[in-house]
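work23.cif (mmCIF, C-alpha atoms and all ligand atoms)
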data_start
loop_
_atom_site.label_atom_id
_atom_site.label_comp_id
_atom_site.auth_asym_id
_atom_site.auth_seq_id
_atom_site.Cartn_x
_atom_site.Cartn_y
_atom_site.Cartn_z
CA MET A 86 0.00 0.00 0.00
CA PRO A 87 1.50 3.42 -0.88
CA ALA A 88 2.43 5.53 2.15
CA LYS A 89 -0.05 8.17 3.30
CA LEU A 90 0.54 9.96 6.61
CA LEU A 91 -1.91 11.42 9.08
CA ILE A 92 -0.22 14.11 11.21
CA LEU A 93 -2.24 14.96 14.34
CA GLY A 94 -1.08 18.54 14.74
CA GLY A 95 -1.47 21.75 16.71
CA THR A 96 2.12 22.17 17.89
CA THR A 97 5.35 23.76 16.76
CA GLU A 98 6.87 20.31 16.18
CA ALA A 99 3.88 19.17 14.08
CA SER A 100 4.35 22.18 11.79
CA ALA A 101 8.09 21.49 11.51
CA LEU A 102 7.35 17.87 10.57
CA ALA A 103 4.76 18.94 7.98
CA ARG A 104 7.40 21.12 6.29
CA LYS A 105 9.82 18.17 6.04
CA VAL A 106 7.10 15.80 4.82
CA ALA A 107 6.05 18.32 2.15
CA GLU A 108 9.70 18.76 1.06
CA ALA A 109 9.97 14.96 0.73
CA GLY A 110 6.84 14.97 -1.42
CA MET A 111 5.09 12.44 0.82
CA PRO A 112 1.27 12.17 0.71
CA ALA A 113 0.02 13.47 4.06
CA VAL A 114 -2.96 15.05 5.81
CA PHE A 115 -2.52 17.50 8.72
CA SER A 116 -5.30 17.42 11.30
CA TYR A 117 -6.48 20.22 13.63
CA ALA A 118 -9.19 19.85 16.28
CA GLY A 119 -10.70 23.19 15.25
CA ARG A 120 -10.01 24.88 18.58
CA VAL A 121 -9.06 28.28 17.25
CA ASP A 122 -10.44 30.59 14.57
CA ARG A 123 -7.45 30.73 12.24
CA PRO A 124 -5.01 27.84 12.73
CA ARG A 125 -1.63 28.12 11.10
CA GLU A 126 -1.50 27.31 7.38
CA GLN A 127 0.26 24.04 6.50
CA PRO A 128 2.19 22.92 3.34
CA VAL A 129 0.11 19.73 3.14
CA PRO A 130 -3.69 19.25 2.96
CA VAL A 131 -5.46 20.10 6.22
CA ARG A 132 -8.58 18.67 7.85
CA VAL A 133 -10.27 20.34 10.83
CA GLY A 134 -12.52 18.84 13.53
CA GLY A 135 -12.85 15.75 15.69
CA PHE A 136 -13.00 12.28 14.14
CA GLY A 137 -15.79 11.00 16.43
CA GLY A 138 -13.86 9.11 19.09
CA VAL A 139 -11.82 5.95 18.57
CA ALA A 140 -14.37 4.42 16.19
CA GLY A 141 -14.49 7.59 14.10
CA LEU A 142 -10.71 7.73 13.87
CA ALA A 143 -10.51 4.04 12.92
CA ARG A 144 -13.10 4.63 10.19
CA TYR A 145 -11.10 7.63 8.94
CA LEU A 146 -7.84 5.62 8.84
CA ARG A 147 -9.48 2.90 6.76
CA ALA A 148 -11.46 5.21 4.48
CA GLN A 149 -8.41 7.41 3.75
CA ALA A 150 -6.00 4.44 3.47
CA ILE A 151 -3.68 6.03 6.04
CA SER A 152 -0.49 3.96 6.38
CA HIS A 153 1.16 5.82 9.28
CA VAL A 154 -0.10 8.12 12.04
CA ILE A 155 2.23 10.66 13.64
CA ASP A 156 0.68 11.98 16.85
CA ALA A 157 2.34 15.38 17.11
CA THR A 158 -0.33 16.86 19.39
CA HIS A 159 0.42 18.75 22.59
CA PRO A 160 1.35 16.70 25.71
CA PHE A 161 -1.90 17.85 27.33
CA ALA A 162 -4.02 16.54 24.41
CA ALA A 163 -4.36 13.26 26.30
CA GLN A 164 -7.71 12.24 24.85
CA MET A 165 -6.55 12.56 21.25
CA SER A 166 -3.36 10.67 22.02
CA THR A 167 -5.24 7.90 23.80
CA ASN A 168 -7.67 7.60 20.89
CA ALA A 169 -4.76 7.40 18.44
CA VAL A 170 -3.19 4.50 20.36
CA MET A 171 -6.50 2.62 20.43
CA ALA A 172 -7.54 3.30 16.81
CA CYS A 173 -4.11 2.35 15.45
CA ALA A 174 -4.13 -0.87 17.50
CA ALA A 175 -7.61 -1.67 16.18
CA THR A 176 -6.68 -1.04 12.54
CA GLY A 177 -3.05 -2.17 12.54
CA VAL A 178 -1.92 1.26 11.32
CA SER A 179 1.63 2.20 12.45
CA LEU A 180 1.79 4.97 15.09
CA ILE A 181 4.54 7.12 16.48
CA ALA A 182 4.28 10.17 18.74
CA LEU A 183 6.37 13.27 18.10
CA THR A 184 6.57 14.68 21.57
CA ARG A 185 8.80 16.96 23.60
CA ALA A 186 10.47 16.31 26.93
CA PRO A 187 8.98 18.07 29.97
CA TRP A 188 10.76 21.21 31.21
CA SER A 189 12.67 20.76 34.46
CA ALA A 190 13.46 23.42 37.03
CA GLY A 191 16.99 24.88 36.92
CA PRO A 192 19.02 27.24 39.11
CA GLY A 193 17.03 30.36 39.93
CA ASP A 194 13.65 28.73 39.25
CA HIS A 195 11.00 28.94 41.99
CA TRP A 196 8.64 26.15 40.90
CA THR A 197 5.85 24.45 42.80
CA ARG A 198 4.91 21.34 40.80
CA VAL A 199 1.31 20.06 40.92
CA PRO A 200 -0.02 16.86 39.27
CA ASP A 201 -3.00 18.34 37.40
CA MET A 202 -5.30 21.32 36.86
CA ASP A 203 -7.42 20.67 39.97
CA ALA A 204 -4.32 20.59 42.15
CA ALA A 205 -3.23 23.89 40.59
CA VAL A 206 -6.58 25.45 41.56
CA ALA A 207 -6.21 24.13 45.13
CA ALA A 208 -2.64 25.47 45.34
CA LEU A 209 -3.95 28.99 44.61
CA ALA A 210 -5.79 29.10 47.96
CA GLY A 211 -4.60 32.05 50.01
CA PRO A 212 -4.40 35.84 49.91
CA PRO A 213 -5.07 37.76 46.68
CA ARG A 214 -2.19 37.81 44.18
CA ARG A 215 -1.63 39.06 40.63
CA VAL A 216 -1.64 35.74 38.76
CA PHE A 217 -0.65 35.16 35.10
CA LEU A 218 -2.93 32.25 34.15
CA ALA A 219 -1.21 31.14 30.92
CA VAL A 220 -3.04 27.82 30.50
CA GLY A 221 -5.29 28.87 27.62
CA ARG A 222 -9.08 28.97 27.52
CA MET A 223 -10.33 25.43 28.02
CA HIS A 224 -9.75 25.07 31.76
CA LEU A 225 -10.46 28.62 32.99
CA ALA A 226 -13.78 27.78 34.68
CA ALA A 227 -12.00 25.66 37.31
CA PHE A 228 -10.07 28.72 38.55
CA ALA A 229 -13.30 30.52 39.46
CA ALA A 230 -12.96 28.56 42.72
CA GLN A 231 -10.19 31.03 43.63
CA PRO A 232 -11.84 34.36 42.73
CA GLN A 233 -9.68 36.39 45.13
CA HIS A 234 -6.84 36.79 42.65
CA ARG A 235 -6.25 39.46 39.99
CA TYR A 236 -5.91 37.20 36.93
CA LEU A 237 -4.13 37.98 33.67
CA LEU A 238 -5.24 35.59 30.90
CA ARG A 239 -3.50 35.00 27.57
CA LEU A 240 -5.83 33.57 24.94
CA VAL A 241 -5.54 32.77 21.26
CA ASP A 242 -8.96 34.17 20.30
CA ARG A 243 -11.03 36.90 21.96
CA PRO A 244 -13.51 35.08 24.21
CA VAL A 245 -17.27 35.71 24.03
CA ALA A 246 -17.67 35.26 27.79
CA LEU A 247 -15.20 34.63 30.58
CA PRO A 248 -15.73 32.46 33.69
CA LEU A 249 -13.31 34.77 35.54
CA PRO A 250 -14.98 38.19 35.80
CA GLY A 251 -12.55 41.04 36.27
CA ALA A 252 -9.65 39.19 34.64
CA SER A 253 -7.40 41.12 32.27
CA VAL A 254 -7.07 39.47 28.86
CA VAL A 255 -4.17 39.51 26.39
CA ILE A 256 -5.02 38.10 22.96
CA ASP A 257 -1.87 36.59 21.50
CA ARG A 258 -0.63 33.34 20.05
CA GLY A 259 2.82 31.90 20.54
CA PRO A 260 5.58 31.20 20.02
CA PHE A 261 6.48 34.01 22.44
CA SER A 262 9.82 35.64 23.29
CA VAL A 263 11.48 36.02 26.68
CA GLU A 264 11.80 39.79 26.17
CA SER A 265 8.09 40.22 25.43
CA ASP A 266 7.13 37.94 28.33
CA ILE A 267 9.37 39.89 30.73
CA GLU A 268 7.46 42.99 29.61
CA VAL A 269 4.11 41.21 30.20
CA LEU A 270 5.13 40.14 33.73
CA ARG A 271 6.48 43.60 34.59
CA HIS A 272 3.62 45.60 33.08
CA HIS A 273 1.00 43.56 34.95
CA GLN A 274 3.15 43.31 38.13
CA ILE A 275 2.69 39.52 38.06
CA GLU A 276 3.38 37.73 41.37
CA TRP A 277 2.70 34.15 40.21
CA VAL A 278 2.73 32.32 36.86
CA VAL A 279 0.52 29.24 36.31
CA SER A 280 1.80 27.08 33.46
CA LYS A 281 1.33 23.64 31.91
CA ASN A 282 4.52 21.65 31.57
CA ALA A 283 4.16 21.77 27.80
CA GLY A 284 7.82 21.25 26.99
CA GLY A 285 9.14 22.48 23.69
CA THR A 286 10.04 26.05 22.81
CA GLY A 287 6.77 27.79 21.93
CA ALA A 288 5.47 28.23 25.48
CA ARG A 289 8.60 28.32 27.62
CA SER A 290 9.41 32.04 27.37
CA LYS A 291 7.13 32.87 30.32
CA ILE A 292 9.10 30.38 32.43
CA ASP A 293 12.42 31.97 31.45
CA ALA A 294 10.95 35.43 32.09
CA ALA A 295 9.68 34.35 35.53
CA ARG A 296 13.15 33.05 36.43
CA GLN A 297 14.80 36.31 35.41
CA LEU A 298 12.35 38.31 37.52
CA GLY A 299 12.30 35.89 40.47
CA VAL A 300 8.57 35.24 40.02
CA PRO A 301 7.33 31.87 41.37
CA VAL A 302 5.74 29.38 38.95
CA LEU A 303 2.94 26.86 39.58
CA MET A 304 3.93 24.11 37.10
CA ILE A 305 1.24 21.61 36.10
CA ASP A 306 2.52 18.13 35.21
CA ARG A 307 1.23 16.58 32.01
CA PRO A 308 -1.50 13.90 32.03
CA ALA A 309 -0.71 10.20 31.62
CA ILE A 310 -0.84 8.83 28.07
CA PRO A 311 -0.81 5.13 27.09
CA ALA A 312 2.56 3.72 25.99
CA ARG A 313 3.42 4.24 22.27
CA PRO A 314 6.61 4.60 20.25
CA GLU A 315 7.96 8.16 20.69
CA ALA A 316 10.31 10.44 18.75
CA GLN A 317 11.73 13.74 19.96
CA THR A 318 12.47 15.36 16.58
CA PRO A 319 10.99 15.43 13.05
CA ALA A 320 14.25 13.84 11.79
CA GLN A 321 13.66 10.85 14.08
CA VAL A 322 10.15 10.51 12.64
CA LEU A 323 11.54 10.52 9.08
CA GLY A 324 14.05 7.84 10.16
CA TRP A 325 11.18 5.77 11.58
CA LEU A 326 9.26 6.15 8.29
CA ALA A 327 12.32 5.13 6.21
CA HIS A 328 12.88 2.18 8.53
CA SER A 329 9.29 1.08 7.96
CA GLY A 330 9.95 1.02 4.21
CA VAL A 331 8.54 4.39 3.22
CA ASN A 332 10.34 5.91 0.22
CA LEU A 333 11.12 9.44 1.39
CA GLY A 334 11.73 10.53 -2.16
CA VAL A 335 14.79 12.66 -1.31
C1 LIG B 401 -5.48 24.82 17.71
C2 LIG B 401 -3.10 25.98 16.13
C3 LIG B 401 2.50 26.07 15.51
C4 LIG B 401 1.90 25.65 16.79
C5 LIG B 401 2.09 26.69 17.89
C6 LIG B 401 3.40 24.71 21.09
C7 LIG B 401 3.53 26.17 20.84
C8 LIG B 401 2.49 28.29 20.14
C9 LIG B 401 2.29 28.06 23.25
C10 LIG B 401 1.04 30.92 26.85
C11 LIG B 401 0.76 29.47 26.56
C12 LIG B 401 -1.44 27.03 25.45
C13 LIG B 401 -2.31 27.05 24.16
C14 LIG B 401 -0.09 27.38 23.54
C15 LIG B 401 1.04 27.38 22.76
C16 LIG B 401 2.20 26.81 20.43
C17 LIG B 401 1.54 26.17 19.22
C18 LIG B 401 1.07 26.65 21.47
C19 LIG B 401 -0.15 27.72 24.99
C20 LIG B 401 -2.32 26.81 18.57
C21 LIG B 401 -3.27 26.16 17.60
C22 LIG B 401 -4.30 25.58 18.29
C23 LIG B 401 -4.06 25.76 19.67
C24 LIG B 401 -4.95 25.27 20.74
C25 LIG B 401 -4.69 25.93 22.04
C26 LIG B 401 -5.56 25.48 23.21
C27 LIG B 401 -4.73 26.03 24.41
C28 LIG B 401 -3.28 25.88 23.95
C29 LIG B 401 -3.01 28.38 23.96
C30 LIG B 401 -2.24 26.97 15.44
C31 LIG B 401 -2.19 28.31 18.40
C32 LIG B 401 -2.12 27.72 26.62
C33 LIG B 401 -1.08 25.57 25.88
O1 LIG B 401 -8.81 29.03 22.77
C34 LIG B 401 -8.61 27.79 22.77
O2 LIG B 401 -9.52 26.94 22.71
C35 LIG B 401 -7.18 27.32 22.86
C36 LIG B 401 -6.96 26.00 23.14
C37 LIG B 401 -5.71 23.96 23.25
C38 LIG B 401 -4.88 25.25 25.72
C39 LIG B 401 -6.21 25.42 26.41
O3 LIG B 401 -6.49 24.52 27.22
O4 LIG B 401 -6.89 26.43 26.13
N1 LIG B 401 -3.36 25.63 22.51
N2 LIG B 401 -2.93 26.49 19.88
C40 LIG B 401 -5.09 23.40 17.47
C41 LIG B 401 -6.23 22.59 16.86
O5 LIG B 401 -7.29 23.16 16.56
O6 LIG B 401 -6.01 21.37 16.65
O7 LIG B 401 -2.78 28.01 15.00
O8 LIG B 401 -1.06 26.69 15.34
C42 LIG B 401 -0.98 26.12 18.47
C43 LIG B 401 0.08 26.43 19.44
N3 LIG B 401 -0.13 26.87 20.66
O9 LIG B 401 2.37 25.34 14.52
O10 LIG B 401 3.14 27.17 15.44
O11 LIG B 401 3.77 23.91 20.18
O12 LIG B 401 2.98 24.28 22.20
N4 LIG B 401 -1.28 26.96 23.10
C44 LIG B 401 0.12 25.46 26.81
O13 LIG B 401 1.19 25.02 26.32
O14 LIG B 401 -0.01 25.83 27.98
C45 LIG B 401 -0.04 29.24 25.27
O15 LIG B 401 0.17 31.77 26.58
O16 LIG B 401 2.14 31.19 27.38
P1 LIG B 402 -7.87 16.56 23.64
O1 LIG B 402 -8.54 17.09 24.83
O2 LIG B 402 -6.86 15.48 23.78
O3 LIG B 402 -8.93 16.05 22.55
C1 LIG B 402 -10.32 16.20 22.71
C2 LIG B 402 -10.95 15.82 21.37
O4 LIG B 402 -10.62 16.84 20.42
C3 LIG B 402 -10.38 14.55 20.76
O5 LIG B 402 -10.97 13.40 21.32
C4 LIG B 402 -10.70 14.75 19.28
O6 LIG B 402 -12.10 14.59 19.05
C5 LIG B 402 -10.41 16.23 19.12
N1 LIG B 402 -9.02 16.50 18.70
C6 LIG B 402 -7.98 16.84 19.47
N2 LIG B 402 -6.88 17.08 18.72
C7 LIG B 402 -7.25 16.85 17.43
C8 LIG B 402 -6.57 16.93 16.19
N3 LIG B 402 -5.28 17.32 16.11
N4 LIG B 402 -7.26 16.60 15.05
C9 LIG B 402 -8.57 16.23 15.13
N5 LIG B 402 -9.27 16.18 16.28
C10 LIG B 402 -8.61 16.48 17.41
O7 LIG B 402 -7.18 17.77 22.80
P2 LIG B 402 -6.95 19.31 23.26
O8 LIG B 402 -6.08 19.34 24.46
O9 LIG B 402 -8.29 19.96 23.25
O10 LIG B 402 -6.09 19.85 22.01
C11 LIG B 402 -6.76 20.16 20.82
C12 LIG B 402 -5.73 20.61 19.80
O11 LIG B 402 -5.00 21.73 20.31
C13 LIG B 402 -4.72 19.55 19.45
O12 LIG B 402 -4.42 19.68 18.07
C14 LIG B 402 -3.50 19.93 20.27
O13 LIG B 402 -2.30 19.51 19.65
C15 LIG B 402 -3.61 21.44 20.25
N6 LIG B 402 -2.96 22.04 21.41
C16 LIG B 402 -3.42 21.71 22.65
C17 LIG B 402 -2.78 22.30 23.75
C18 LIG B 402 -3.27 22.00 25.14
O14 LIG B 402 -2.79 22.65 26.07
N7 LIG B 402 -4.15 21.05 25.33
C19 LIG B 402 -1.69 23.18 23.55
C20 LIG B 402 -1.27 23.47 22.24
C21 LIG B 402 -1.91 22.90 21.17
P3 LIG B 402 -12.75 13.20 18.54
O15 LIG B 402 -12.74 12.31 19.76
O16 LIG B 402 -14.11 13.56 18.07
O17 LIG B 402 -11.85 12.67 17.46
#
Could I get this file's structure written as structure tokens?
Ligand code: 3Y8
Ligand code: NAP
Amino acid sequence: MPAKLLILGGTTEASALARKVAEAGMPAVFSYAGRVDRPREQPVPVRVGGFGGVAGLARYLRAQAISHVIDATHPFAAQMSTNAVMACAATGVSLIALTRAPWSAGPGDHWTRVPDMDAAVAALAGPPRRVFLAVGRMHLAAFAAQPQHRYLLRLVDRPVALPLPGASVVIDRGPFSVESDIEVLRHHQIEWVVSKNAGGTGARSKIDAARQLGVPVLMIDRPAIPARPEAQTPAQVLGWLAHSGVNLGV
């Protein structure tokens, strides 16, 4: 069967892989969940929207004659990654994840690590602070349990309604720079940064900025994902494809 890749995207690494796959002339489809209004353009055909659970993804893999799935979604996209493991097992389609190692605290970092979003909300109990809640839009409602803080939110699209009344909102999409994030922390006199341990480069500037300014960070560990083969770079994915007999064309 000729090779045809499905790249589950939405990350910096997924876009880097798509560029290499397009350069190699490999048939591929890049998939977005449809979370934001204007996702980044890709050099390969794009599909947007959920598949309909494991069964929907399995149907898609068969119907589109996908030979390999590269799960290059974000480490917190645990449901998509779990579905990919199950659908590929059910259909016999080869799967590899393109993921990024978690960040670890270094000298000068003031991190408090928590296991998940609920633990992050609980850790915010206490006197009012100016908190940079840089976890996106999808989990904001949980933080309404700690309404005493002055929140700064950074979102990709302007929200229609916010579960955190009184929060300040910055509309911006990464990748961000340390200089601009230092300015954000200073301008809003941030006393605490709440962050997912996303790994990679696109979201880490706020962590580097917090270190430089001595601002403490509440770091949320990533959710568990079922075991699957993993690569750390697009080059390793191309090596995996070549090893599985795919003609990379270059
Ligand atoms: C829709 C598609 C690329 C990909 C770029 C990366 C880097 C910039 C940094 C902060 C943290 C956050 C958030 C973030 C970053 C990259 C990457 C990354 C964090 C886009 C994109 C989609 C999404 C979805 C969006 C979530 C949200 C999370 C904002 C594209 C821009 C906070 C994660 O409004 C919403 O519904 C937003 C939802 C999931 C987390 C959340 O829970 O709200 N990403 N982000 C993807 C889809 O539809 O399938 O336009 O590129 C992609 C990127 N966002 O190719 O350049 O690789 O991680 N994304 C986090 O890490 O904490 C921002 O502000 O400091
Ligand atoms: P999630 O919670 O793991 O997935 C929820 C459902 O969204 C999935 O079951 C699937 O629906 C659909 N979905 C997720 N990613 C998809 C994709 N790439 N293509 C098609 N459908 C997808 O996922 P999430 O955390 O909401 O992330 C959604 C997207 O944003 C992903 O592309 C991810 O890479 C990107 N992203 C997420 C974060 C984050 O912090 N979570 C950060 C940066 C980028 P069905 O079950 O119907 O198939």
Which residues form the shell of 8 Å around ligand LIG 401 (chain B) when you count all atoms listed in the file, given as a short mmCIF file (atom, residue, chain, number, x, y, z; two decimals) with C-alpha atoms, keeping the file's coordinate frame?
data_model
loop_
_atom_site.label_atom_id
_atom_site.label_comp_id
_atom_site.auth_asym_id
_atom_site.auth_seq_id
_atom_site.Cartn_x
_atom_site.Cartn_y
_atom_site.Cartn_z
CA LEU A 93 -2.24 14.96 14.34
CA GLY A 94 -1.08 18.54 14.74
CA GLY A 95 -1.47 21.75 16.71
CA THR A 96 2.12 22.17 17.89
CA THR A 97 5.35 23.76 16.76
CA GLU A 98 6.87 20.31 16.18
CA ALA A 99 3.88 19.17 14.08
CA SER A 100 4.35 22.18 11.79
CA ALA A 101 8.09 21.49 11.51
CA SER A 116 -5.30 17.42 11.30
CA TYR A 117 -6.48 20.22 13.63
CA ALA A 118 -9.19 19.85 16.28
CA GLY A 119 -10.70 23.19 15.25
CA ARG A 120 -10.01 24.88 18.58
CA VAL A 121 -9.06 28.28 17.25
CA ARG A 123 -7.45 30.73 12.24
CA PRO A 124 -5.01 27.84 12.73
CA ARG A 125 -1.63 28.12 11.10
CA GLU A 126 -1.50 27.31 7.38
CA VAL A 133 -10.27 20.34 10.83
CA GLY A 134 -12.52 18.84 13.53
CA THR A 158 -0.33 16.86 19.39
CA HIS A 159 0.42 18.75 22.59
CA PHE A 161 -1.90 17.85 27.33
CA ALA A 162 -4.02 16.54 24.41
CA ALA A 219 -1.21 31.14 30.92
CA VAL A 220 -3.04 27.82 30.50
CA GLY A 221 -5.29 28.87 27.62
CA ARG A 222 -9.08 28.97 27.52
CA MET A 223 -10.33 25.43 28.02
CA HIS A 224 -9.75 25.07 31.76
CA LEU A 238 -5.24 35.59 30.90
CA ARG A 239 -3.50 35.00 27.57
CA LEU A 240 -5.83 33.57 24.94
CA VAL A 241 -5.54 32.77 21.26
CA ASP A 242 -8.96 34.17 20.30
CA PRO A 244 -13.51 35.08 24.21
CA ASP A 257 -1.87 36.59 21.50
CA ARG A 258 -0.63 33.34 20.05
CA GLY A 259 2.82 31.90 20.54
CA PRO A 260 5.58 31.20 20.02
CA PHE A 261 6.48 34.01 22.44
CA SER A 280 1.80 27.08 33.46
CA LYS A 281 1.33 23.64 31.91
CA ASN A 282 4.52 21.65 31.57
CA ALA A 283 4.16 21.77 27.80
CA GLY A 284 7.82 21.25 26.99
CA GLY A 285 9.14 22.48 23.69
CA THR A 286 10.04 26.05 22.81
CA GLY A 287 6.77 27.79 21.93
CA ALA A 288 5.47 28.23 25.48
CA ARG A 289 8.60 28.32 27.62
CA SER A 290 9.41 32.04 27.37
CA LYS A 291 7.13 32.87 30.32
#
* Asked: From the list A:Ala103, A:Val279, A:Leu237, A:Leu270, which residue is nearest Gln297 (chain A) when using only C-alpha atoms?
  -> A:Leu270
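Pairwise distance (CA of Pro200 (chain A), CA of Pro308 (chain A)) equals 8.0 Å.
Atom pair atom O12 of ligand LIG 402 (chain B) / CA of Cys173 (chain A): separated by 17.5 Å.
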* **Pick from A:Ile275, A:Ala174, A:Leu102, A:Val269, whichever lies nearest to Ala140 (chain A) using all atoms listed in the file** =>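 Nearest to Ala140 (chain A): A:Ala174.
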Report as lines of an AutoDock Vina configuration file the centre and the edge lengths, in Å to one decimal, of the axis-aligned box holding every listed atom of region 260-273 of chain A, padded by 3 Å on each side.
center_x = 6.4
center_y = 38.4
center_z = 27.5
size_x = 16.8
size_y = 20.4
size_z = 20.9
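Atom pair CA of Pro301 (chain A) / CA of Arg271 (chain A): separated by 13.6 Å.
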* May I have the protein, DNA and RNA residues with an atom at most 10 Å from (-5.3, 25.3, 41.9), counting only C-alpha atoms in the file's coordinates, returned as a ChimeraX atom specification? => /A:199,201-210,227-231,279,303,305
Nearby residues (all atoms listed in the file) at most 12 Å from Val322 (chain A), same-chain spacing under 5 positions excluded, as a PDB file with C-alpha atoms, keeping the file's coordinate frame:
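The resulting part_30.pdb:
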ATOM      1  CA  LEU A  90       0.540   9.960   6.610  1.00  0.00           C
ATOM      2  CA  ILE A  92      -0.220  14.110  11.210  1.00  0.00           C
ATOM      3  CA  GLU A  98       6.870  20.310  16.180  1.00  0.00           C
ATOM      4  CA  ALA A  99       3.880  19.170  14.080  1.00  0.00           C
ATOM      5  CA  ALA A 101       8.090  21.490  11.510  1.00  0.00           C
ATOM      6  CA  LEU A 102       7.350  17.870  10.570  1.00  0.00           C
ATOM      7  CA  ALA A 103       4.760  18.940   7.980  1.00  0.00           C
ATOM      8  CA  LYS A 105       9.820  18.170   6.040  1.00  0.00           C
ATOM      9  CA  VAL A 106       7.100  15.800   4.820  1.00  0.00           C
ATOM     10  CA  HIS A 153       1.160   5.820   9.280  1.00  0.00           C
ATOM     11  CA  VAL A 154      -0.100   8.120  12.040  1.00  0.00           C
ATOM     12  CA  ILE A 155       2.230  10.660  13.640  1.00  0.00           C
ATOM     13  CA  ASP A 156       0.680  11.980  16.850  1.00  0.00           C
ATOM     14  CA  ALA A 157       2.340  15.380  17.110  1.00  0.00           C
ATOM     15  CA  SER A 179       1.630   2.200  12.450  1.00  0.00           C
ATOM     16  CA  LEU A 180       1.790   4.970  15.090  1.00  0.00           C
ATOM     17  CA  ILE A 181       4.540   7.120  16.480  1.00  0.00           C
ATOM     18  CA  ALA A 182       4.280  10.170  18.740  1.00  0.00           C
ATOM     19  CA  LEU A 183       6.370  13.270  18.100  1.00  0.00           C
ATOM     20  CA  THR A 184       6.570  14.680  21.570  1.00  0.00           C
ATOM     21  CA  PRO A 314       6.610   4.600  20.250  1.00  0.00           C
ATOM     22  CA  GLU A 315       7.960   8.160  20.690  1.00  0.00           C
ATOM     23  CA  ALA A 316      10.310  10.440  18.750  1.00  0.00           C
ATOM     24  CA  GLN A 317      11.730  13.740  19.960  1.00  0.00           C
ATOM     25  CA  ALA A 327      12.320   5.130   6.210  1.00  0.00           C
ATOM     26  CA  HIS A 328      12.880   2.180   8.530  1.00  0.00           C
ATOM     27  CA  SER A 329       9.290   1.080   7.960  1.00  0.00           C
ATOM     28  CA  VAL A 331       8.540   4.390   3.220  1.00  0.00           C
ATOM     29  CA  LEU A 333      11.120   9.440   1.390  1.00  0.00           C
TER      30      LEU A 333
END
* To do: Between A:Leu218, A:Ala169, A:Val131, A:Ala150, single out the one closest to Phe115 (chain A), counting all atoms listed in the file.
  =>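 Looking at the shortest contact to Phe115 (chain A), the residue is A:Val131.
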* Asked: For ligand LIG 402 (chain B), which of A:Met171, A:Gly135, A:Ala295, A:Pro128 is the closest residue, counting only C-alpha atoms and all ligand atoms?
  -> A:Gly135
* All residues 8 Å or closer to Ile310 (chain A), all atoms listed in the file, same chain fewer than 4 positions away omitted, as an MDAnalysis selection string -> chainID A and resid 163 166:167
* **Who sits within 9 Å of Met111 (chain A), only C-alpha atoms, same chain under 2 positions skipped, as a ChimeraX atom specification** => /A:88-90,106-109,113,332-334
May I have the selected residues written with C-alpha atoms, as a CSV table (one decimal), in the coordinates of the input?
chain,number,residue,atom,x,y,z
A,88,ALA,CA,2.4,5.5,2.2
A,89,LYS,CA,0.0,8.2,3.3
A,90,LEU,CA,0.5,10.0,6.6
A,106,VAL,CA,7.1,15.8,4.8
A,107,ALA,CA,6.0,18.3,2.2
A,108,GLU,CA,9.7,18.8,1.1
A,109,ALA,CA,10.0,15.0,0.7
A,113,ALA,CA,0.0,13.5,4.1
A,332,ASN,CA,10.3,5.9,0.2
A,333,LEU,CA,11.1,9.4,1.4
A,334,GLY,CA,11.7,10.5,-2.2
